[in-house]
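Trainee: Provided below: query-v8.txt, containing compact mmCIF, C-alpha atoms.
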```
# COMPACT_ATOMS: atom_id res chain seq x y z
CA MET A 30 -19.07 -23.73 -65.44
CA LEU A 31 -22.65 -25.01 -65.57
CA THR A 32 -25.03 -22.61 -67.31
CA ASP A 33 -28.67 -22.03 -66.45
CA ARG A 34 -29.51 -24.28 -69.43
CA GLY A 35 -27.51 -27.11 -67.92
CA ILE A 36 -24.58 -26.78 -70.34
CA GLU A 37 -21.23 -27.77 -68.82
CA MET A 38 -18.35 -25.75 -70.29
CA ARG A 39 -15.08 -27.51 -70.99
CA THR A 40 -12.23 -26.12 -68.91
CA LEU A 41 -8.63 -26.12 -70.08
CA ARG A 42 -5.73 -27.98 -68.53
CA ARG A 43 -2.07 -27.41 -69.27
CA GLY A 44 -1.26 -29.45 -72.35
CA ASP A 45 -4.62 -28.78 -74.01
CA THR A 46 -4.68 -27.22 -77.47
CA ILE A 47 -6.03 -23.75 -78.23
CA ALA A 48 -6.93 -22.94 -81.84
CA ILE A 49 -6.37 -19.52 -83.40
CA VAL A 50 -8.95 -18.58 -86.03
CA ALA A 51 -9.54 -15.42 -88.06
CA PRO A 52 -13.27 -15.03 -88.77
CA ALA A 53 -12.80 -11.46 -89.95
CA GLY A 54 -9.61 -9.46 -90.51
CA ALA A 55 -6.04 -10.60 -91.10
CA ILE A 56 -3.56 -10.60 -88.22
CA ASP A 57 -0.04 -9.20 -88.40
CA GLY A 58 2.43 -12.07 -88.37
CA THR A 59 4.64 -10.52 -85.70
CA ILE A 60 1.68 -10.21 -83.33
CA LEU A 61 0.55 -13.76 -84.13
CA HIS A 62 3.95 -15.33 -83.48
CA ARG A 63 4.51 -13.42 -80.23
CA ALA A 64 1.05 -14.34 -78.90
CA VAL A 65 1.57 -18.01 -79.81
CA GLN A 66 4.88 -18.03 -77.92
CA LEU A 67 3.23 -16.56 -74.83
CA ILE A 68 0.30 -18.99 -74.89
CA GLU A 69 2.69 -21.91 -75.29
CA ALA A 70 4.78 -20.60 -72.40
CA GLU A 71 1.65 -20.96 -70.22
CA GLY A 72 1.68 -24.68 -70.98
CA PHE A 73 -0.84 -24.94 -73.83
CA GLY A 74 -0.50 -26.23 -77.34
CA VAL A 75 -1.49 -23.83 -80.11
CA ARG A 76 -2.92 -24.71 -83.51
CA VAL A 77 -2.99 -21.80 -85.93
CA MET A 78 -5.68 -22.60 -88.46
CA PRO A 79 -4.52 -22.51 -92.11
CA HIS A 80 -6.07 -19.20 -93.19
CA VAL A 81 -5.00 -16.90 -90.37
CA GLU A 82 -1.65 -15.65 -91.67
CA HIS A 83 -0.41 -14.65 -95.14
CA CYS A 84 -3.86 -15.19 -96.68
CA ALA A 85 -5.17 -11.63 -96.69
CA THR A 86 -7.91 -10.85 -99.22
CA GLY A 87 -8.77 -7.16 -99.02
CA VAL A 88 -9.83 -6.48 -95.44
CA PHE A 89 -10.42 -10.19 -94.82
CA ALA A 90 -7.98 -12.80 -93.55
CA ALA A 91 -9.10 -15.05 -96.43
CA PRO A 92 -12.15 -15.57 -98.66
CA ASP A 93 -15.40 -16.23 -96.82
CA ALA A 94 -15.44 -19.97 -97.52
CA LEU A 95 -11.95 -20.48 -96.13
CA ARG A 96 -12.52 -18.42 -92.98
CA ALA A 97 -15.71 -20.39 -92.36
CA GLU A 98 -13.86 -23.67 -93.00
CA ASP A 99 -11.22 -22.80 -90.39
CA LEU A 100 -13.82 -21.92 -87.77
CA GLN A 101 -15.89 -25.03 -88.51
CA ARG A 102 -12.86 -27.29 -88.21
CA ALA A 103 -11.91 -25.72 -84.88
CA ILE A 104 -15.46 -26.20 -83.57
CA ASP A 105 -15.73 -29.82 -84.70
CA ASP A 106 -12.27 -31.00 -83.64
CA ASP A 107 -12.45 -32.51 -80.14
CA SER A 108 -8.68 -32.23 -79.75
CA ILE A 109 -9.12 -28.43 -79.68
CA ALA A 110 -10.15 -27.32 -76.21
CA ALA A 111 -10.77 -23.60 -76.84
CA ILE A 112 -10.76 -21.07 -79.67
CA ILE A 113 -9.24 -17.58 -79.59
CA CYS A 114 -10.08 -15.25 -82.46
CA ALA A 115 -6.98 -13.57 -83.86
CA ARG A 116 -8.59 -10.13 -84.20
CA GLY A 117 -11.77 -8.34 -85.18
CA GLY A 118 -11.95 -5.99 -88.14
CA TYR A 119 -14.85 -6.90 -90.42
CA GLY A 120 -16.25 -10.07 -91.91
CA THR A 121 -17.75 -12.42 -89.30
CA VAL A 122 -21.26 -11.48 -90.41
CA ARG A 123 -20.42 -12.80 -93.89
CA ILE A 124 -19.72 -16.31 -92.60
CA ILE A 125 -22.01 -16.76 -89.59
CA ASP A 126 -24.74 -18.53 -91.60
CA ARG A 127 -22.19 -21.00 -92.99
CA ILE A 128 -21.30 -22.33 -89.53
CA ASP A 129 -22.94 -25.45 -88.09
CA PHE A 130 -22.85 -25.09 -84.31
CA GLY A 131 -24.39 -28.51 -83.65
CA HIS A 132 -21.15 -30.08 -82.41
CA LEU A 133 -20.51 -27.10 -80.14
CA VAL A 134 -23.94 -27.51 -78.56
CA GLN A 135 -23.11 -31.13 -77.79
CA LYS A 136 -19.54 -30.44 -76.63
CA PRO A 137 -19.21 -26.75 -75.69
CA LYS A 138 -15.81 -25.08 -75.67
CA TRP A 139 -14.82 -21.49 -74.99
CA ILE A 140 -14.63 -19.02 -77.88
CA VAL A 141 -12.82 -15.74 -77.14
CA GLY A 142 -12.89 -12.39 -78.91
CA PHE A 143 -14.56 -8.98 -79.14
CA SER A 144 -15.36 -6.22 -81.63
CA ASP A 145 -16.44 -7.94 -84.88
CA ILE A 146 -16.62 -11.21 -82.91
CA THR A 147 -19.83 -9.75 -81.43
CA VAL A 148 -21.56 -11.61 -84.28
CA LEU A 149 -20.31 -14.94 -82.94
CA HIS A 150 -21.26 -14.00 -79.38
CA ALA A 151 -24.80 -13.19 -80.53
CA ARG A 152 -25.26 -16.65 -82.05
CA LEU A 153 -23.68 -18.44 -79.10
CA THR A 154 -25.79 -16.60 -76.53
CA GLN A 155 -28.96 -17.65 -78.35
CA LEU A 156 -27.73 -21.25 -78.30
CA GLY A 157 -27.14 -21.01 -74.56
CA ILE A 158 -23.36 -21.38 -74.91
CA PRO A 159 -21.25 -18.94 -72.87
CA SER A 160 -18.38 -17.15 -74.62
CA VAL A 161 -15.69 -14.70 -73.57
CA HIS A 162 -15.80 -11.08 -74.71
CA GLY A 163 -12.17 -10.32 -74.07
CA PRO A 164 -8.55 -9.98 -75.14
CA MET A 165 -7.37 -11.28 -78.48
CA LEU A 166 -3.84 -11.73 -79.82
CA LYS A 167 -2.71 -8.10 -79.88
CA HIS A 168 -3.54 -7.61 -76.20
CA ILE A 169 -1.78 -10.86 -75.31
CA ALA A 170 1.28 -10.08 -77.43
CA THR A 171 1.57 -6.50 -76.15
CA HIS A 172 0.98 -7.05 -72.45
CA THR A 173 1.88 -10.73 -71.81
CA PHE A 174 0.08 -12.85 -69.23
CA ALA A 175 1.36 -10.61 -66.46
CA HIS A 176 -1.47 -8.22 -67.36
CA PRO A 177 -4.60 -8.56 -65.16
CA ASP A 178 -6.92 -8.90 -68.19
CA ASN A 179 -4.93 -11.79 -69.61
CA ARG A 180 -4.62 -13.46 -66.21
CA MET A 181 -8.39 -13.19 -65.82
CA LEU A 182 -8.87 -14.70 -69.27
CA LEU A 183 -6.72 -17.68 -68.24
CA GLN A 184 -8.72 -18.04 -65.02
CA ILE A 185 -11.98 -18.21 -66.97
CA LEU A 186 -10.62 -20.73 -69.48
CA THR A 187 -9.02 -23.00 -66.87
CA THR A 188 -11.60 -22.86 -64.06
CA GLY A 189 -14.81 -21.74 -65.77
CA THR A 190 -15.28 -19.31 -62.87
CA PRO A 191 -15.10 -15.60 -63.72
CA PRO A 192 -14.06 -13.40 -60.79
CA ARG A 193 -16.23 -10.75 -59.23
CA VAL A 194 -15.32 -7.34 -60.67
CA SER A 195 -15.52 -4.11 -58.65
CA VAL A 196 -15.19 -0.65 -60.22
CA ALA A 197 -15.62 2.96 -59.22
CA THR A 198 -19.10 4.23 -60.05
CA HIS A 199 -19.15 6.69 -62.95
CA PRO A 200 -21.11 9.92 -62.19
CA LEU A 201 -23.63 9.18 -64.98
CA SER A 202 -24.41 5.68 -63.72
CA VAL A 203 -27.87 4.87 -62.39
CA ALA A 204 -27.84 3.15 -58.99
CA GLY A 205 -29.64 -0.12 -58.42
CA THR A 206 -29.35 -3.89 -58.63
CA ALA A 207 -30.24 -6.12 -61.57
CA THR A 208 -29.80 -9.78 -62.41
CA GLY A 209 -29.93 -11.36 -65.83
CA THR A 210 -28.01 -13.04 -68.62
CA LEU A 211 -25.08 -10.95 -69.82
CA THR A 212 -25.08 -10.27 -73.56
CA GLY A 213 -24.08 -7.63 -76.10
CA GLY A 214 -20.76 -6.41 -77.50
CA ASN A 215 -19.90 -3.80 -80.07
CA LEU A 216 -22.81 -1.37 -80.46
CA SER A 217 -22.33 -0.94 -84.22
CA LEU A 218 -22.45 -4.70 -84.72
CA LEU A 219 -25.52 -5.08 -82.51
CA TYR A 220 -27.14 -2.36 -84.61
CA ALA A 221 -26.16 -4.19 -87.81
CA LEU A 222 -27.79 -7.38 -86.51
CA ARG A 223 -31.15 -5.70 -85.81
CA GLY A 224 -33.93 -7.52 -87.66
CA THR A 225 -31.89 -10.72 -88.12
CA ASP A 226 -32.41 -14.03 -86.36
CA ILE A 227 -29.53 -13.21 -83.99
CA ASP A 228 -30.95 -9.85 -82.99
CA ILE A 229 -30.97 -9.00 -79.27
CA ARG A 230 -33.59 -10.91 -77.33
CA PRO A 231 -33.89 -8.46 -74.45
CA SER A 232 -36.05 -10.25 -71.89
CA GLY A 233 -34.01 -11.16 -68.81
CA LYS A 234 -30.79 -9.66 -70.19
CA ILE A 235 -28.07 -7.36 -68.91
CA LEU A 236 -26.87 -5.58 -72.05
CA PHE A 237 -23.22 -4.56 -72.52
CA VAL A 238 -22.24 -2.08 -75.26
CA GLU A 239 -18.96 -0.50 -76.42
CA ASP A 240 -17.67 1.09 -79.62
CA LEU A 241 -14.73 2.53 -81.51
CA CYS A 242 -14.18 5.46 -83.91
CA GLU A 243 -17.87 6.32 -84.28
CA TYR A 244 -19.33 9.81 -84.46
CA ASN A 245 -21.27 11.03 -81.45
CA TYR A 246 -24.43 11.36 -83.51
CA HIS A 247 -24.00 7.76 -84.74
CA ILE A 248 -23.98 6.62 -81.11
CA ASP A 249 -27.21 8.53 -80.60
CA ARG A 250 -28.79 7.03 -83.73
CA MET A 251 -28.02 3.50 -82.58
CA MET A 252 -29.22 4.11 -79.03
CA GLN A 253 -32.44 5.69 -80.31
CA ASN A 254 -33.01 2.55 -82.37
CA LEU A 255 -32.72 0.43 -79.21
CA LYS A 256 -35.11 2.80 -77.47
CA MET A 257 -37.70 2.97 -80.26
CA SER A 258 -37.69 -0.82 -80.67
CA ARG A 259 -38.21 -1.16 -76.91
CA ILE A 260 -35.00 -3.11 -76.37
CA LEU A 261 -34.03 -0.68 -73.61
CA GLN A 262 -37.41 -0.98 -71.95
CA GLN A 263 -37.18 -4.78 -71.74
CA ILE A 264 -33.62 -5.42 -70.52
CA ASN A 265 -32.93 -5.64 -66.79
CA GLY A 266 -29.82 -3.47 -66.79
CA LEU A 267 -27.15 -1.93 -69.01
CA ILE A 268 -23.35 -1.72 -68.90
CA ALA A 269 -21.67 0.88 -71.10
CA GLY A 270 -18.06 -0.06 -71.70
CA GLN A 271 -15.30 1.91 -73.37
CA PHE A 272 -16.19 4.28 -76.19
CA THR A 273 -12.77 4.84 -77.73
CA ASP A 274 -11.73 7.55 -80.20
CA ILE A 275 -15.31 8.81 -80.61
CA LYS A 276 -15.51 11.74 -83.02
CA ASP A 277 -17.56 14.86 -83.60
CA GLY A 278 -18.62 16.27 -86.95
CA ALA A 279 -18.03 19.82 -88.12
CA THR A 280 -20.89 20.82 -85.82
CA PRO A 281 -20.40 19.33 -82.34
CA PHE A 282 -23.17 16.97 -81.25
CA GLY A 283 -23.21 18.42 -77.75
CA GLN A 284 -23.04 15.16 -75.78
CA ASN A 285 -20.36 12.56 -75.20
CA ALA A 286 -21.15 8.85 -75.56
CA TYR A 287 -22.10 8.29 -71.92
CA GLU A 288 -24.37 11.34 -71.88
CA THR A 289 -26.03 10.07 -75.06
CA ILE A 290 -26.55 6.60 -73.59
CA ARG A 291 -27.92 8.03 -70.33
CA ASP A 292 -30.30 10.21 -72.34
CA ALA A 293 -31.64 7.18 -74.23
CA VAL A 294 -31.86 4.87 -71.24
CA GLY A 295 -33.21 7.34 -68.70
CA ALA A 296 -32.97 6.87 -64.95
CA SER A 297 -35.37 4.00 -64.34
CA MET A 298 -32.94 1.10 -64.91
CA PRO A 299 -29.62 0.17 -63.27
CA THR A 300 -26.96 1.48 -65.67
CA LEU A 301 -23.21 1.26 -65.22
CA MET A 302 -21.12 3.68 -67.26
CA GLY A 303 -17.43 3.46 -68.07
CA PHE A 304 -16.81 -0.25 -67.48
CA GLU A 305 -13.27 -0.97 -68.71
CA ALA A 306 -14.01 -3.38 -71.53
CA GLY A 307 -13.72 -2.61 -75.22
CA HIS A 308 -11.17 -1.06 -77.56
CA ASN A 309 -8.84 0.66 -75.10
CA PRO A 310 -5.47 -0.89 -76.05
CA ASP A 311 -4.37 -1.10 -72.42
CA VAL A 312 -7.47 -2.38 -70.59
CA ASN A 313 -10.09 -4.87 -71.77
CA THR A 314 -11.69 -6.66 -68.83
CA PRO A 315 -13.01 -10.07 -69.93
CA LEU A 316 -16.77 -10.64 -69.72
CA VAL A 317 -18.59 -13.96 -70.00
CA PHE A 318 -21.59 -13.55 -72.28
CA GLY A 319 -24.39 -16.03 -71.78
CA ALA A 320 -23.68 -16.22 -68.05
CA LYS A 321 -26.13 -15.13 -65.37
CA VAL A 322 -24.85 -12.11 -63.46
CA ARG A 323 -25.81 -9.70 -60.72
CA LEU A 324 -25.04 -6.03 -61.40
CA THR A 325 -24.96 -3.84 -58.30
CA ILE A 326 -24.44 -0.11 -58.78
CA GLY A 327 -23.75 1.84 -55.61
CA GLN A 328 -22.97 5.47 -54.94
CA HIS A 329 -19.21 4.96 -54.94
CA THR A 330 -18.53 1.36 -55.98
CA SER A 331 -20.24 -0.99 -58.43
CA THR A 332 -19.83 -4.75 -58.84
CA LEU A 333 -20.46 -7.39 -61.46
CA GLU A 334 -20.86 -10.86 -59.95
CA TYR A 335 -21.36 -14.15 -61.77
CA LEU A 336 -24.06 -16.35 -60.28
```
Could you render the structure from this file as structure tokens?
Mentor:
Amino acid sequence: MLTDRGIEMRTLRRGDTIAIVAPAGAIDGTILHRAVQLIEAEGFGVRVMPHVEHCATGVFAAPDALRAEDLQRAIDDDSIAAIICARGGYGTVRIIDRIDFGHLVQKPKWIVGFSDITVLHARLTQLGIPSVHGPMLKHIATHTFAHPDNRMLLQILTTGTPPRVSVATHPLSVAGTATGTLTGGNLSLLYALRGTDIDIRPSGKILFVEDLCEYNYHIDRMMQNLKMSRILQQINGLIAGQFTDIKDGATPFGQNAYETIRDAVGASMPTLMGFEAGHNPDVNTPLVFGAKVRLTIGQHTSTLEYL
């Protein structure tokens, strides 16, 4: 895959080594071992970095310095062809400024993950390096590579060519066509990065958002921030993914997540609601952030096409 900045992504061949890192939370050993077996069965070597398993420190897989060390080693080691993050949780923001991405800029490789890994995606997108917002070890271990999401992930890693995705158009979507660079991730993390040097740079972007276990009014607060800071007015289009286990307070907010997003965005920009990517345990369609895409939202069917 050649990006619009002229960066050629490394594609995997059977026999290549995939590293497992834990930039945030600790992974259950049973899930880790099952996922490793399945990846190896597809013909790849797997290197589990030292501080992924049995190193838990509170909510973290290991202390900040050791998580950063694992990620840095995986980035700098040319014998590692791709990196899959073990899980999300919390903690990537604590190590992002410790990571030197210089070697990755010179020799790009795929990094895969979602949720808390949004922090990594934000940095990589600004460097012009595509990355995969997609399944991590639990999804692989639970569903095997027979699952369409995991098959799509393998296709991206081995060919560099993401497939065209077609979905039914959600009633709250806004019809239209937009092109731009796909970016985004977990809405709470994007909100946490506001005002930092890896904040959203909205010009020319298609923004994807999803979230988990937030209150409806929290969703509104975050979307109003994007509106008031004119992020929503500058992007070319928006994709709202899965909003899973969203809660109400003692007094109902009165809108669900998609209604809240539609209220903030308005009807002047192509907006696709209900795209199946995010924290649903059964479906998490991979997305390539940093890639140029065309979003076409029709009355009945909508498509996301990589250009």
Trainee: For Ala64 of chain A, which residue out of A:Asn313, A:Thr225, A:Gln155, A:Thr171 is the nearest one, using all atoms listed in the file?
Mentor: A:Thr171
Trainee: Restricting the calculation to only C-alpha atoms: of A:Gln271, A:Ser195, A:Thr154, A:Gln101, which residue gets closest to Val312 of chain A?
Mentor: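 The shortest atom-to-atom distance to Val312 of chain A comes from A:Gln271.
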Trainee: Identify, on the basis of all atoms listed in the file, every residue whose closest approach to Gly117 of chain A does not exceed 8 Å; exclude the query and any residue fewer than 4 positions from it along the same chain; express the result as a list in words.
Mentor: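 Result of the neighbour search: Ala51, Pro52, Ala53, Gly54, Gly142, Phe143, Ser144, Asp145 and Ile146 of chain A.
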Trainee: Skip Ile185 of chain A itself and residues of its chain fewer than 5 positions away, then list as a PyMOL selection string all residues within 12 Å of it, counting only C-alpha atoms.
Mentor: chain A and resi 30+38-42+111+138-141+159-163+178-180+190-193+314-318+320+335
Trainee: Skip Val322 of chain A itself and residues of its chain fewer than 3 positions away, then list as a PDB file with C-alpha atoms, keeping the file's coordinate frame all residues within 10 Å of it, counting all atoms listed in the file.
Mentor:
```pdb
ATOM      1  CA  ARG A 193     -16.230 -10.750 -59.230  1.00  0.00           C
ATOM      2  CA  ALA A 207     -30.240  -6.120 -61.570  1.00  0.00           C
ATOM      3  CA  THR A 208     -29.800  -9.780 -62.410  1.00  0.00           C
ATOM      4  CA  GLY A 209     -29.930 -11.360 -65.830  1.00  0.00           C
ATOM      5  CA  THR A 210     -28.010 -13.040 -68.620  1.00  0.00           C
ATOM      6  CA  LEU A 211     -25.080 -10.950 -69.820  1.00  0.00           C
ATOM      7  CA  LYS A 234     -30.790  -9.660 -70.190  1.00  0.00           C
ATOM      8  CA  ILE A 235     -28.070  -7.360 -68.910  1.00  0.00           C
ATOM      9  CA  VAL A 317     -18.590 -13.960 -70.000  1.00  0.00           C
ATOM     10  CA  PHE A 318     -21.590 -13.550 -72.280  1.00  0.00           C
ATOM     11  CA  GLY A 319     -24.390 -16.030 -71.780  1.00  0.00           C
ATOM     12  CA  THR A 325     -24.960  -3.840 -58.300  1.00  0.00           C
ATOM     13  CA  LEU A 333     -20.460  -7.390 -61.460  1.00  0.00           C
ATOM     14  CA  GLU A 334     -20.860 -10.860 -59.950  1.00  0.00           C
ATOM     15  CA  TYR A 335     -21.360 -14.150 -61.770  1.00  0.00           C
ATOM     16  CA  LEU A 336     -24.060 -16.350 -60.280  1.00  0.00           C
TER      17      LEU A 336
END
```
Trainee: Using all atoms listed in the file, which of the listed residues (A:Ile125, A:Ala94, A:Ile56, A:Leu219) sits closest to Lys167 of chain A?
Mentor: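 Looking at the shortest contact to Lys167 of chain A, the residue is A:Ile56.
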Trainee: With only C-alpha atoms as the counted atoms, please give the residues lying no more than 10 Å from Val203 of chain A, apart from itself and same-chain residues fewer than 2 positions off, as a list in words.
Mentor: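 Residues near the query, excluding close chain neighbours: Thr198, His199, Pro200, Leu201, Gly205, Thr206, Gly266, Leu267, Arg291, Val294, Gly295, Ala296, Ser297, Met298, Pro299, Thr300, Leu301, Met302, Ile326, Gly327 and Gln328 of chain A.
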Trainee: Which one of A:Ala269, A:Met78, A:Ala103, A:Leu149 sits closest to Leu216 of chain A if you count all atoms listed in the file?
Mentor: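 Checking each candidate against Leu216 of chain A, we get A:Ala269 as the closest.
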Trainee: Work out how far apart atom CA of Val238 of chain A and atom CA of Asn215 of chain A are and give it in Å to one decimal.
Mentor: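 Distance reported for this atom pair: 5.6 Å.
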Trainee: Out of A:Ile124, A:Val77, A:Phe89, A:Asp228, which residue has the shortest atom-to-atom distance to Arg152 of chain A when counting all atoms listed in the file?
Mentor: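 So, comparing all the options, the nearest one is A:Asp228.
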Trainee: Any chance you could work out the axis-aligned box around segment 46-56 of chain A, listed atoms only, 5 Å on each side, giving centre and edge lengths in Å to one decimal, as AutoDock Vina command-line options?
Mentor:
```
--center_x -8.4 --center_y -18.3 --center_z -84.3 --size_x 19.7 --size_y 27.8 --size_z 23.6
```
Trainee: Just to confirm, what's the straight-line distance from atom CA of Gly74 of chain A to atom CA of Asp99 of chain A in Å (one decimal)?
Mentor: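 A separation of 17.2 Å between them.
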Trainee: Kindly indicate which residue among A:Arg323, A:Lys276, A:Arg230, A:Arg250 lies nearest to Val194 of chain A, using only C-alpha atoms for the distances.
Mentor: A:Arg323
Trainee: When you draw a straight line from atom CA of Arg116 of chain A to atom CA of Ile60 of chain A, how long is it in Å?
Mentor: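 Going from atom CA of Arg116 of chain A over to atom CA of Ile60 of chain A covers 10.3 Å.
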Trainee: Hey, what's within 12 Å of His132 of chain A if we count only C-alpha atoms and toss same-chain stuff fewer than 4 positions away? As an MDAnalysis selection string, please?
Mentor: chainID A and resid 101:107 128 136:138 156 158
Trainee: When you get a chance, write out N, CA and C atoms for segment 122-145 of chain A, as a PDB file, in the coordinates of the input.
Mentor:
```pdb
ATOM      1  N   VAL A 122     -19.863 -11.433 -89.982  1.00  0.00           N
ATOM      2  CA  VAL A 122     -21.260 -11.480 -90.410  1.00  0.00           C
ATOM      3  C   VAL A 122     -21.406 -12.183 -91.764  1.00  0.00           C
ATOM      4  N   ARG A 123     -20.361 -12.182 -92.569  1.00  0.00           N
ATOM      5  CA  ARG A 123     -20.420 -12.800 -93.890  1.00  0.00           C
ATOM      6  C   ARG A 123     -20.333 -14.328 -93.839  1.00  0.00           C
ATOM      7  N   ILE A 124     -19.884 -14.862 -92.694  1.00  0.00           N
ATOM      8  CA  ILE A 124     -19.720 -16.310 -92.600  1.00  0.00           C
ATOM      9  C   ILE A 124     -20.605 -16.975 -91.556  1.00  0.00           C
ATOM     10  N   ILE A 125     -21.301 -16.188 -90.735  1.00  0.00           N
ATOM     11  CA  ILE A 125     -22.010 -16.760 -89.590  1.00  0.00           C
ATOM     12  C   ILE A 125     -23.045 -17.799 -90.024  1.00  0.00           C
ATOM     13  N   ASP A 126     -23.723 -17.585 -91.156  1.00  0.00           N
ATOM     14  CA  ASP A 126     -24.740 -18.530 -91.600  1.00  0.00           C
ATOM     15  C   ASP A 126     -24.156 -19.779 -92.246  1.00  0.00           C
ATOM     16  N   ARG A 127     -22.845 -19.800 -92.452  1.00  0.00           N
ATOM     17  CA  ARG A 127     -22.190 -21.000 -92.990  1.00  0.00           C
ATOM     18  C   ARG A 127     -21.797 -21.984 -91.886  1.00  0.00           C
ATOM     19  N   ILE A 128     -21.831 -21.543 -90.635  1.00  0.00           N
ATOM     20  CA  ILE A 128     -21.300 -22.330 -89.530  1.00  0.00           C
ATOM     21  C   ILE A 128     -22.385 -23.215 -88.923  1.00  0.00           C
ATOM     22  N   ASP A 129     -22.077 -24.500 -88.776  1.00  0.00           N
ATOM     23  CA  ASP A 129     -22.940 -25.450 -88.090  1.00  0.00           C
ATOM     24  C   ASP A 129     -22.435 -25.562 -86.647  1.00  0.00           C
ATOM     25  N   PHE A 130     -23.253 -25.098 -85.705  1.00  0.00           N
ATOM     26  CA  PHE A 130     -22.850 -25.090 -84.310  1.00  0.00           C
ATOM     27  C   PHE A 130     -23.323 -26.344 -83.559  1.00  0.00           C
ATOM     28  N   GLY A 131     -23.834 -27.321 -84.292  1.00  0.00           N
ATOM     29  CA  GLY A 131     -24.390 -28.510 -83.650  1.00  0.00           C
ATOM     30  C   GLY A 131     -23.398 -29.225 -82.755  1.00  0.00           C
ATOM     31  N   HIS A 132     -22.157 -29.387 -83.215  1.00  0.00           N
ATOM     32  CA  HIS A 132     -21.150 -30.080 -82.410  1.00  0.00           C
ATOM     33  C   HIS A 132     -20.818 -29.278 -81.159  1.00  0.00           C
ATOM     34  N   LEU A 133     -20.813 -27.954 -81.278  1.00  0.00           N
ATOM     35  CA  LEU A 133     -20.510 -27.100 -80.140  1.00  0.00           C
ATOM     36  C   LEU A 133     -21.606 -27.183 -79.083  1.00  0.00           C
ATOM     37  N   VAL A 134     -22.838 -27.336 -79.514  1.00  0.00           N
ATOM     38  CA  VAL A 134     -23.940 -27.510 -78.560  1.00  0.00           C
ATOM     39  C   VAL A 134     -23.756 -28.795 -77.775  1.00  0.00           C
ATOM     40  N   GLN A 135     -23.306 -29.844 -78.455  1.00  0.00           N
ATOM     41  CA  GLN A 135     -23.110 -31.130 -77.790  1.00  0.00           C
ATOM     42  C   GLN A 135     -21.861 -31.135 -76.908  1.00  0.00           C
ATOM     43  N   LYS A 136     -20.812 -30.461 -77.359  1.00  0.00           N
ATOM     44  CA  LYS A 136     -19.540 -30.440 -76.630  1.00  0.00           C
ATOM     45  C   LYS A 136     -19.013 -29.005 -76.600  1.00  0.00           C
ATOM     46  N   PRO A 137     -19.573 -28.176 -75.700  1.00  0.00           N
ATOM     47  CA  PRO A 137     -19.210 -26.750 -75.690  1.00  0.00           C
ATOM     48  C   PRO A 137     -17.742 -26.520 -75.342  1.00  0.00           C
ATOM     49  N   LYS A 138     -17.163 -25.535 -75.987  1.00  0.00           N
ATOM     50  CA  LYS A 138     -15.810 -25.080 -75.670  1.00  0.00           C
ATOM     51  C   LYS A 138     -15.817 -23.557 -75.731  1.00  0.00           C
ATOM     52  N   TRP A 139     -14.880 -22.944 -75.036  1.00  0.00           N
ATOM     53  CA  TRP A 139     -14.820 -21.490 -74.990  1.00  0.00           C
ATOM     54  C   TRP A 139     -14.379 -20.912 -76.332  1.00  0.00           C
ATOM     55  N   ILE A 140     -15.058 -19.840 -76.752  1.00  0.00           N
ATOM     56  CA  ILE A 140     -14.630 -19.020 -77.880  1.00  0.00           C
ATOM     57  C   ILE A 140     -14.402 -17.609 -77.349  1.00  0.00           C
ATOM     58  N   VAL A 141     -13.259 -17.015 -77.706  1.00  0.00           N
ATOM     59  CA  VAL A 141     -12.820 -15.740 -77.140  1.00  0.00           C
ATOM     60  C   VAL A 141     -12.660 -14.708 -78.243  1.00  0.00           C
ATOM     61  N   GLY A 142     -13.114 -13.494 -77.987  1.00  0.00           N
ATOM     62  CA  GLY A 142     -12.890 -12.390 -78.910  1.00  0.00           C
ATOM     63  C   GLY A 142     -13.823 -11.235 -78.606  1.00  0.00           C
ATOM     64  N   PHE A 143     -13.655 -10.126 -79.312  1.00  0.00           N
ATOM     65  CA  PHE A 143     -14.560  -8.980 -79.140  1.00  0.00           C
ATOM     66  C   PHE A 143     -14.603  -8.215 -80.447  1.00  0.00           C
ATOM     67  N   SER A 144     -15.225  -7.068 -80.441  1.00  0.00           N
ATOM     68  CA  SER A 144     -15.360  -6.220 -81.630  1.00  0.00           C
ATOM     69  C   SER A 144     -16.214  -6.950 -82.668  1.00  0.00           C
ATOM     70  N   ASP A 145     -15.657  -7.259 -83.849  1.00  0.00           N
ATOM     71  CA  ASP A 145     -16.440  -7.940 -84.880  1.00  0.00           C
ATOM     72  C   ASP A 145     -16.902  -9.319 -84.443  1.00  0.00           C
TER      73      ASP A 145
END
```
